[in-house]
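Participant: One structure follows; several queries about it will come next.
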Amino acid sequence: MPQIYRPFAAALWMSGSILSFSVMAVAGRALAPFLDTFEIMLWRSLIGLALVLSFGAALGRLGGIRSNRLGTHLLRNLFHFTGQNLWFMSLTLIPLATVFALEFTAPIWVMLLSPLLLAERMTRVRWLAAGAGFLGVLIVVRPDLGQPSVGVALAAGSAIGFAGSAILTKRLTRHEGVISILFWLTAMQTVLAAVAAGHDGRVTLPDAATLPWLAMVGVTGVLAHLCLTRALALAPATVVMPMDFLRLPVIAAVGALAYGEAITPALALGSALILAANWINIRFANRQVPPQPNVISL
């Protein structure tokens with residue numbers, strides 16, 4: 001693919017990730033009264049594992065599953081498992097838009113850490129985009145940060161987990177295909193979730209009320225990571241992750257329509273800044289995309 005098209009192709013993949021994460025948030029909130037977060041993660045990972053194996057078999061790509069970077073996979077999944085559990089816990093405690101806004105400190109961490117861990121260059125334009133996006137997040141969450149709560153702390157903590165996961169995912173895309181990355185994601189997190197969910201000797205089984213929501217969480221979980229991984233393979237993490245800021249206005253609309261959560265002036269202003277930050281970053285990336293070494297296909 002010509003280099004000039006990579007940021008826009010990455011943006012298309014990220015739109016699928018944004019939609020999937022938004023649907024997963026709604027399903028996670030619906031499941032909260034019936035299952036704890038570890039149980040949600042268990043069934044999500046099992047469904048995801050079945051989907052990955054079926055998808056890989058249909059494409060004849062199961063042979064691409066590699067085991068020579070298990071340490072990196074494990075570290076990546078520990079970051080993600082922690083972040084995802086904190087994220088699910090926060091969904092029922094604070095408005096969806098606030099959860100997502102706090103989660104969006106993760107791209108800021110990715111942009112700041114990428115020069116150290118991925119050798120990606122931070123330019124003045126990217127500093128501007130990161131600053132504008134972070135300012136937008138602060139405007140959105142300022143009322144909640146003025147009155148700290150458990151939900152705020154959990155959502156903020158999830159951002160650290162997601163940042164570590166994103167950076168390690170980018171490192172893996174330099175050497176491994178999507179099927180391999182998704183296989184180890186779902187397989188390792190199935191084991192982690194089984195241990196955590198079964199620590200009290202009880203695991204709630206799906207029933208007619210929870211199975212549709214669990215299926216939704218499982219499918220969107222795989223799709224979200226498929227889209228995110230493909231986007232990270234096409235463009236630098238400093239370009240891809242700020243696109244995720246677009247989830248904020250999307251989930252704000254979902255919260256308003258589905259749960260009657262108010263769209264405040266602060267939320268509107270913060271979302272506008274976040275959109276501006278993405279536009280600046282993508283426009284700059286389209287002009288100056290660094291070479292993508294060893295990028296491999298699905």
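For the structure tokens, the naming scheme is as follows: chains receive sequential letters (A, B, ...) according to their order of presentation, residues are indexed from 1 within each chain, and ligands are indexed from 1 in presentation order.
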Quick one: everything within 10 Å of Leu185 in chain A, counting only C-alpha atoms, minus sequence neighbours fewer than 2 positions away in the same chain. Send it as a PDB file with N, CA and C atoms, in the first residue's frame.

Facilitator:
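Output file around-v1.pdb follows:
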ATOM      1  N   SER A  45     -13.687 -13.919  26.623  1.00  0.00           N
ATOM      2  CA  SER A  45     -12.466 -14.503  26.068  1.00  0.00           C
ATOM      3  C   SER A  45     -12.733 -15.855  25.415  1.00  0.00           C
ATOM      4  N   GLY A  48     -14.436 -15.170  22.179  1.00  0.00           N
ATOM      5  CA  GLY A  48     -13.435 -14.608  21.288  1.00  0.00           C
ATOM      6  C   GLY A  48     -12.465 -15.649  20.762  1.00  0.00           C
ATOM      7  N   LEU A  49     -12.042 -16.571  21.634  1.00  0.00           N
ATOM      8  CA  LEU A  49     -11.114 -17.631  21.224  1.00  0.00           C
ATOM      9  C   LEU A  49     -11.739 -18.504  20.142  1.00  0.00           C
ATOM     10  N   VAL A  52     -11.745 -16.519  16.880  1.00  0.00           N
ATOM     11  CA  VAL A  52     -10.408 -16.400  16.285  1.00  0.00           C
ATOM     12  C   VAL A  52     -10.004 -17.709  15.621  1.00  0.00           C
ATOM     13  N   HIS A  73       3.734 -11.348  24.647  1.00  0.00           N
ATOM     14  CA  HIS A  73       2.283 -11.579  24.644  1.00  0.00           C
ATOM     15  C   HIS A  73       1.730 -11.578  26.067  1.00  0.00           C
ATOM     16  N   LEU A  74       2.421 -12.262  26.971  1.00  0.00           N
ATOM     17  CA  LEU A  74       1.933 -12.337  28.346  1.00  0.00           C
ATOM     18  C   LEU A  74       1.927 -10.961  28.995  1.00  0.00           C
ATOM     19  N   ARG A  76       1.762  -8.058  27.511  1.00  0.00           N
ATOM     20  CA  ARG A  76       0.706  -7.279  26.869  1.00  0.00           C
ATOM     21  C   ARG A  76      -0.666  -7.644  27.432  1.00  0.00           C
ATOM     22  N   ASN A  77      -0.915  -8.938  27.635  1.00  0.00           N
ATOM     23  CA  ASN A  77      -2.224  -9.372  28.111  1.00  0.00           C
ATOM     24  C   ASN A  77      -2.437  -9.099  29.591  1.00  0.00           C
ATOM     25  N   LEU A  78      -1.382  -9.061  30.370  1.00  0.00           N
ATOM     26  CA  LEU A  78      -1.522  -8.652  31.766  1.00  0.00           C
ATOM     27  C   LEU A  78      -1.934  -7.186  31.856  1.00  0.00           C
ATOM     28  N   HIS A  80      -3.526  -5.537  29.482  1.00  0.00           N
ATOM     29  CA  HIS A  80      -4.882  -5.399  28.960  1.00  0.00           C
ATOM     30  C   HIS A  80      -5.919  -5.987  29.908  1.00  0.00           C
ATOM     31  N   PHE A  81      -5.626  -7.140  30.497  1.00  0.00           N
ATOM     32  CA  PHE A  81      -6.576  -7.778  31.409  1.00  0.00           C
ATOM     33  C   PHE A  81      -6.879  -6.869  32.596  1.00  0.00           C
ATOM     34  N   ILE A 179      -3.822 -12.753  13.389  1.00  0.00           N
ATOM     35  CA  ILE A 179      -4.369 -13.995  13.942  1.00  0.00           C
ATOM     36  C   ILE A 179      -3.547 -14.462  15.139  1.00  0.00           C
ATOM     37  N   SER A 180      -2.244 -14.405  15.032  1.00  0.00           N
ATOM     38  CA  SER A 180      -1.386 -14.824  16.136  1.00  0.00           C
ATOM     39  C   SER A 180      -1.598 -13.936  17.359  1.00  0.00           C
ATOM     40  N   ILE A 181      -1.664 -12.620  17.141  1.00  0.00           N
ATOM     41  CA  ILE A 181      -1.845 -11.694  18.252  1.00  0.00           C
ATOM     42  C   ILE A 181      -3.199 -11.905  18.924  1.00  0.00           C
ATOM     43  N   LEU A 182      -4.247 -12.068  18.114  1.00  0.00           N
ATOM     44  CA  LEU A 182      -5.589 -12.271  18.682  1.00  0.00           C
ATOM     45  C   LEU A 182      -5.724 -13.628  19.361  1.00  0.00           C
ATOM     46  N   PHE A 183      -5.047 -14.652  18.824  1.00  0.00           N
ATOM     47  CA  PHE A 183      -5.104 -15.968  19.465  1.00  0.00           C
ATOM     48  C   PHE A 183      -4.537 -15.900  20.878  1.00  0.00           C
ATOM     49  N   ALA A 187      -6.598 -16.530  24.255  1.00  0.00           N
ATOM     50  CA  ALA A 187      -6.194 -17.735  24.991  1.00  0.00           C
ATOM     51  C   ALA A 187      -5.656 -17.382  26.369  1.00  0.00           C
ATOM     52  N   MET A 188      -4.737 -16.435  26.424  1.00  0.00           N
ATOM     53  CA  MET A 188      -4.146 -16.074  27.712  1.00  0.00           C
ATOM     54  C   MET A 188      -5.175 -15.437  28.636  1.00  0.00           C
ATOM     55  N   GLN A 189      -6.053 -14.600  28.080  1.00  0.00           N
ATOM     56  CA  GLN A 189      -7.033 -13.950  28.940  1.00  0.00           C
ATOM     57  C   GLN A 189      -8.138 -14.904  29.380  1.00  0.00           C
ATOM     58  N   THR A 190      -8.363 -15.969  28.631  1.00  0.00           N
ATOM     59  CA  THR A 190      -9.277 -17.017  29.114  1.00  0.00           C
ATOM     60  C   THR A 190      -8.723 -17.646  30.386  1.00  0.00           C
ATOM     61  N   VAL A 222     -13.396  -9.085  19.974  1.00  0.00           N
ATOM     62  CA  VAL A 222     -12.477  -9.559  18.923  1.00  0.00           C
ATOM     63  C   VAL A 222     -12.391  -8.534  17.795  1.00  0.00           C
ATOM     64  N   HIS A 225     -10.235  -5.462  18.676  1.00  0.00           N
ATOM     65  CA  HIS A 225      -8.791  -5.706  18.667  1.00  0.00           C
ATOM     66  C   HIS A 225      -8.291  -6.048  17.271  1.00  0.00           C
TER      67      HIS A 225
END

Participant: So that I can check the surroundings of Leu19 in chain A, please list as JSON, numbers by chain every protein, DNA and RNA residue that reaches within 10 Å of it, counting only C-alpha atoms and ignoring chain neighbours fewer than 2 positions away.

Facilitator: {"A": [14, 15, 16, 17, 21, 22, 23, 24, 220, 223, 224, 246, 247, 250, 251]}

Participant: Report, in Å with one decimal, the straight-line distance from CA of Arg44 in chain A to CA of Pro242 in chain A.

Facilitator: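 Those two atoms sit 25.9 Å apart.
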
Participant: Skip Glu39 in chain A itself and residues of its chain fewer than 5 positions away, then list as a PyMOL selection string all residues within 7 Å of it, counting only C-alpha atoms.

Facilitator: chain A and resi 193+197+203

Participant: Which of these residues is nearest to Gly260 in chain A, using only C-alpha atoms: A:Ala129, A:Leu96, A:Ala276, A:Gly63?

Facilitator: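 Among A:Ala129, A:Leu96, A:Ala276, A:Gly63, it is A:Leu96 that comes nearest to Gly260 in chain A.
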
Participant: To one decimal place in Å, what is the distance between CA of Ala156 in chain A and CA of Ala253 in chain A?

Facilitator: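 Separation between CA of Ala156 in chain A and CA of Ala253 in chain A: 21.2 Å.
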
Participant: Residues at most 12 Å from Ala237 in chain A, counting only C-alpha atoms, excluding those fewer than 5 positions away in the same chain, as number ranges by chain?

Facilitator: A: 7, 10, 14, 106-115, 117-122, 126, 163-171, 173-174, 228-232, 242-244, 281-282, 285, 289-290, 292

Participant: Write the residues of the selection above to a file with N, CA and C atoms, as a tab-separated table (two decimals), in the first residue's frame.

Facilitator:
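That gives us out09.tsv:
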chain	number	residue	atom	x	y	z
A	7	PRO	N	-2.31	6.38	6.68
A	7	PRO	CA	-3.08	6.99	7.77
A	7	PRO	C	-4.59	6.91	7.56
A	10	ALA	N	-5.66	3.35	8.15
A	10	ALA	CA	-5.67	3.14	9.59
A	10	ALA	C	-6.91	3.77	10.23
A	14	MET	N	-9.74	2.02	12.49
A	14	MET	CA	-10.04	2.54	13.82
A	14	MET	C	-11.52	2.86	13.98
A	106	ALA	N	-4.99	7.28	27.95
A	106	ALA	CA	-4.11	6.22	27.43
A	106	ALA	C	-3.37	6.65	26.17
A	107	PRO	N	-4.05	7.24	25.15
A	107	PRO	CA	-3.28	7.70	23.98
A	107	PRO	C	-2.22	8.73	24.32
A	108	ILE	N	-2.49	9.56	25.35
A	108	ILE	CA	-1.47	10.52	25.76
A	108	ILE	C	-0.23	9.78	26.26
A	109	TRP	N	-0.44	8.77	27.09
A	109	TRP	CA	0.67	7.96	27.58
A	109	TRP	C	1.39	7.26	26.42
A	110	VAL	N	0.61	6.76	25.46
A	110	VAL	CA	1.22	6.09	24.30
A	110	VAL	C	2.10	7.06	23.53
A	111	MET	N	1.58	8.27	23.26
A	111	MET	CA	2.35	9.24	22.50
A	111	MET	C	3.64	9.64	23.23
A	112	LEU	N	3.56	9.75	24.56
A	112	LEU	CA	4.73	10.15	25.33
A	112	LEU	C	5.75	9.03	25.49
A	113	LEU	N	5.27	7.79	25.55
A	113	LEU	CA	6.17	6.66	25.77
A	113	LEU	C	6.70	6.05	24.48
A	114	SER	N	6.01	6.30	23.36
A	114	SER	CA	6.43	5.69	22.09
A	114	SER	C	7.85	6.05	21.68
A	115	PRO	N	8.31	7.30	21.87
A	115	PRO	CA	9.71	7.58	21.50
A	115	PRO	C	10.71	6.74	22.30
A	117	LEU	N	9.96	3.60	23.79
A	117	LEU	CA	9.77	2.16	23.66
A	117	LEU	C	9.64	1.69	22.21
A	118	LEU	N	9.24	2.59	21.31
A	118	LEU	CA	9.03	2.21	19.91
A	118	LEU	C	9.91	2.99	18.95
A	119	ALA	N	10.72	3.89	19.46
A	119	ALA	CA	11.60	4.72	18.62
A	119	ALA	C	10.82	5.54	17.61
A	120	GLU	N	9.59	5.95	17.96
A	120	GLU	CA	8.80	6.82	17.10
A	120	GLU	C	9.03	8.27	17.52
A	121	ARG	N	9.17	9.13	16.53
A	121	ARG	CA	9.54	10.52	16.79
A	121	ARG	C	8.33	11.36	17.16
A	122	MET	N	8.46	12.14	18.24
A	122	MET	CA	7.43	13.11	18.62
A	122	MET	C	7.79	14.46	18.01
A	126	ARG	N	2.65	16.72	16.66
A	126	ARG	CA	2.10	15.66	17.51
A	126	ARG	C	2.00	16.12	18.96
A	163	ALA	N	-2.73	1.67	27.78
A	163	ALA	CA	-1.54	2.27	27.16
A	163	ALA	C	-0.43	1.23	27.01
A	164	GLY	N	-0.19	0.46	28.08
A	164	GLY	CA	0.83	-0.59	28.00
A	164	GLY	C	0.47	-1.63	26.96
A	165	SER	N	-0.81	-1.98	26.88
A	165	SER	CA	-1.26	-2.95	25.89
A	165	SER	C	-1.05	-2.45	24.47
A	166	ALA	N	-1.36	-1.17	24.22
A	166	ALA	CA	-1.23	-0.61	22.87
A	166	ALA	C	0.23	-0.58	22.42
A	167	ILE	N	1.12	-0.18	23.32
A	167	ILE	CA	2.54	-0.11	22.97
A	167	ILE	C	3.09	-1.50	22.64
A	168	LEU	N	2.74	-2.49	23.45
A	168	LEU	CA	3.23	-3.85	23.21
A	168	LEU	C	2.58	-4.46	21.97
A	169	THR	N	1.31	-4.07	21.68
A	169	THR	CA	0.67	-4.53	20.46
A	169	THR	C	1.44	-4.02	19.24
A	170	LYS	N	1.81	-2.73	19.28
A	170	LYS	CA	2.57	-2.16	18.17
A	170	LYS	C	3.89	-2.91	17.97
A	171	ARG	N	4.56	-3.26	19.05
A	171	ARG	CA	5.81	-4.02	18.93
A	171	ARG	C	5.56	-5.38	18.29
A	173	THR	N	3.15	-6.20	16.18
A	173	THR	CA	2.76	-6.11	14.77
A	173	THR	C	3.97	-6.03	13.83
A	174	ARG	N	5.13	-5.74	14.37
A	174	ARG	CA	6.34	-5.69	13.55
A	174	ARG	C	6.82	-7.08	13.15
A	228	LEU	N	-8.04	-2.58	15.74
A	228	LEU	CA	-6.95	-1.83	16.35
A	228	LEU	C	-5.59	-2.36	15.91
A	229	THR	N	-5.46	-3.67	15.88
A	229	THR	CA	-4.19	-4.27	15.49
A	229	THR	C	-3.84	-3.96	14.04
A	230	ARG	N	-4.83	-4.02	13.15
A	230	ARG	CA	-4.60	-3.69	11.75
A	230	ARG	C	-4.21	-2.22	11.60
A	231	ALA	N	-4.87	-1.35	12.37
A	231	ALA	CA	-4.54	0.07	12.30
A	231	ALA	C	-3.10	0.32	12.76
A	232	LEU	N	-2.69	-0.35	13.83
A	232	LEU	CA	-1.33	-0.19	14.34
A	232	LEU	C	-0.29	-0.75	13.38
A	242	PRO	N	-4.39	8.45	18.94
A	242	PRO	CA	-5.24	9.64	19.09
A	242	PRO	C	-6.55	9.57	18.32
A	243	MET	N	-6.62	8.73	17.27
A	243	MET	CA	-7.89	8.55	16.57
A	243	MET	C	-8.96	7.99	17.50
A	244	ASP	N	-8.51	7.26	18.50
A	244	ASP	CA	-9.44	6.64	19.44
A	244	ASP	C	-10.21	7.68	20.25
A	281	ASN	N	-3.51	15.62	13.73
A	281	ASN	CA	-2.60	14.49	13.74
A	281	ASN	C	-2.67	13.70	12.43
A	282	ILE	N	-3.88	13.44	11.94
A	282	ILE	CA	-4.04	12.66	10.72
A	282	ILE	C	-3.53	13.43	9.51
A	285	ALA	N	0.18	13.32	9.57
A	285	ALA	CA	0.68	11.97	9.29
A	285	ALA	C	0.57	11.63	7.81
A	289	VAL	N	4.67	10.23	6.74
A	289	VAL	CA	4.56	8.91	7.36
A	289	VAL	C	5.91	8.22	7.30
A	290	PRO	N	6.50	7.86	8.43
A	290	PRO	CA	7.79	7.17	8.40
A	290	PRO	C	7.65	5.77	7.84
A	292	GLN	N	7.43	1.81	7.38
A	292	GLN	CA	6.88	0.79	8.26
A	292	GLN	C	7.64	-0.51	8.06

Participant: Please compute the CA of Phe79 in chain A-CA of Leu59 in chain A distance, one decimal, in Å.

Facilitator: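 A separation of 29.1 Å between them.
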
Participant: Got a sec: who's within 10 Å of Gly28 in chain A, counting only C-alpha atoms, leaving out chain neighbours fewer than 2 positions off, as a PyMOL selection string?

Facilitator: chain A and resi 22-26+30-33+35+37+40-41+87-89+91-92+213-214+216-217

Participant: Write a file of the just-selected residues containing N, CA and C atoms, as a compact mmCIF listing (two decimals), in the first residue's frame.

Facilitator:
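Dumped everything to result-v4.txt:
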# COMPACT_ATOMS: atom_id res chain seq x y z
N SER A 22 -17.73 0.83 21.67
CA SER A 22 -18.94 1.51 22.14
C SER A 22 -20.05 0.50 22.40
N VAL A 23 -20.23 -0.44 21.48
CA VAL A 23 -21.24 -1.49 21.67
C VAL A 23 -20.89 -2.35 22.88
N MET A 24 -19.60 -2.64 23.06
CA MET A 24 -19.18 -3.45 24.20
C MET A 24 -19.47 -2.76 25.53
N ALA A 25 -19.36 -1.41 25.55
CA ALA A 25 -19.67 -0.68 26.78
C ALA A 25 -21.14 -0.83 27.16
N VAL A 26 -22.02 -0.75 26.18
CA VAL A 26 -23.45 -0.93 26.44
C VAL A 26 -23.73 -2.34 26.94
N ALA A 30 -25.08 -3.73 30.70
CA ALA A 30 -26.25 -4.59 30.82
C ALA A 30 -25.94 -5.86 31.62
N LEU A 31 -24.70 -6.34 31.54
CA LEU A 31 -24.33 -7.58 32.23
C LEU A 31 -23.96 -7.36 33.70
N ALA A 32 -23.64 -6.14 34.08
CA ALA A 32 -23.13 -5.86 35.43
C ALA A 32 -24.02 -6.36 36.56
N PRO A 33 -25.37 -6.30 36.44
CA PRO A 33 -26.20 -6.79 37.55
C PRO A 33 -26.15 -8.31 37.72
N LEU A 35 -23.32 -10.60 36.40
CA LEU A 35 -22.00 -11.23 36.45
C LEU A 35 -20.98 -10.22 36.96
N THR A 37 -16.98 -8.73 36.93
CA THR A 37 -16.15 -8.40 35.77
C THR A 37 -15.27 -9.57 35.32
N ILE A 40 -17.44 -11.81 33.23
CA ILE A 40 -17.64 -11.20 31.91
C ILE A 40 -16.41 -11.43 31.04
N MET A 41 -15.24 -11.22 31.62
CA MET A 41 -13.99 -11.42 30.87
C MET A 41 -13.81 -12.88 30.47
N TRP A 87 -12.03 -1.13 33.61
CA TRP A 87 -12.96 -0.45 32.70
C TRP A 87 -14.39 -0.95 32.91
N PHE A 88 -14.56 -2.28 32.94
CA PHE A 88 -15.89 -2.85 33.17
C PHE A 88 -16.44 -2.43 34.54
N MET A 89 -15.58 -2.39 35.55
CA MET A 89 -16.03 -2.00 36.89
C MET A 89 -16.54 -0.56 36.91
N LEU A 91 -17.97 1.14 34.50
CA LEU A 91 -19.09 1.45 33.61
C LEU A 91 -20.38 1.77 34.35
N THR A 92 -20.61 1.11 35.48
CA THR A 92 -21.87 1.31 36.19
C THR A 92 -21.77 2.38 37.28
N TRP A 213 -26.05 -10.75 25.52
CA TRP A 213 -25.11 -9.68 25.85
C TRP A 213 -23.68 -10.18 25.88
N LEU A 214 -23.48 -11.41 26.38
CA LEU A 214 -22.14 -11.99 26.39
C LEU A 214 -21.63 -12.23 24.97
N MET A 216 -22.47 -10.49 22.42
CA MET A 216 -22.15 -9.16 21.91
C MET A 216 -20.78 -8.71 22.41
N VAL A 217 -20.51 -8.93 23.70
CA VAL A 217 -19.21 -8.56 24.27
C VAL A 217 -18.09 -9.35 23.59

Participant: DSSP on the backbone, alpha helix (DSSP H) only: what residues of range 157-241 of chain A does that give? Format it as JSON, numbers by chain.

Facilitator: {"A": [157, 158, 159, 160, 161, 162, 163, 164, 165, 166, 167, 168, 169, 170, 171, 172, 173, 178, 179, 180, 181, 182, 183, 184, 185, 186, 187, 188, 189, 190, 191, 192, 193, 194, 195, 196, 197, 211, 212, 213, 214, 215, 216, 217, 218, 219, 220, 221, 222, 223, 224, 225, 226, 227, 228, 229, 230, 231, 232, 233, 234, 237, 238, 239, 240, 241]}

Participant: With only C-alpha atoms as the basis for distance, which of A:Ser67, A:Gly56, A:Val219, A:Pro95 is at the shortest distance from Ala258 in chain A?

Facilitator: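 Result for the nearest residue to Ala258 in chain A: A:Pro95.
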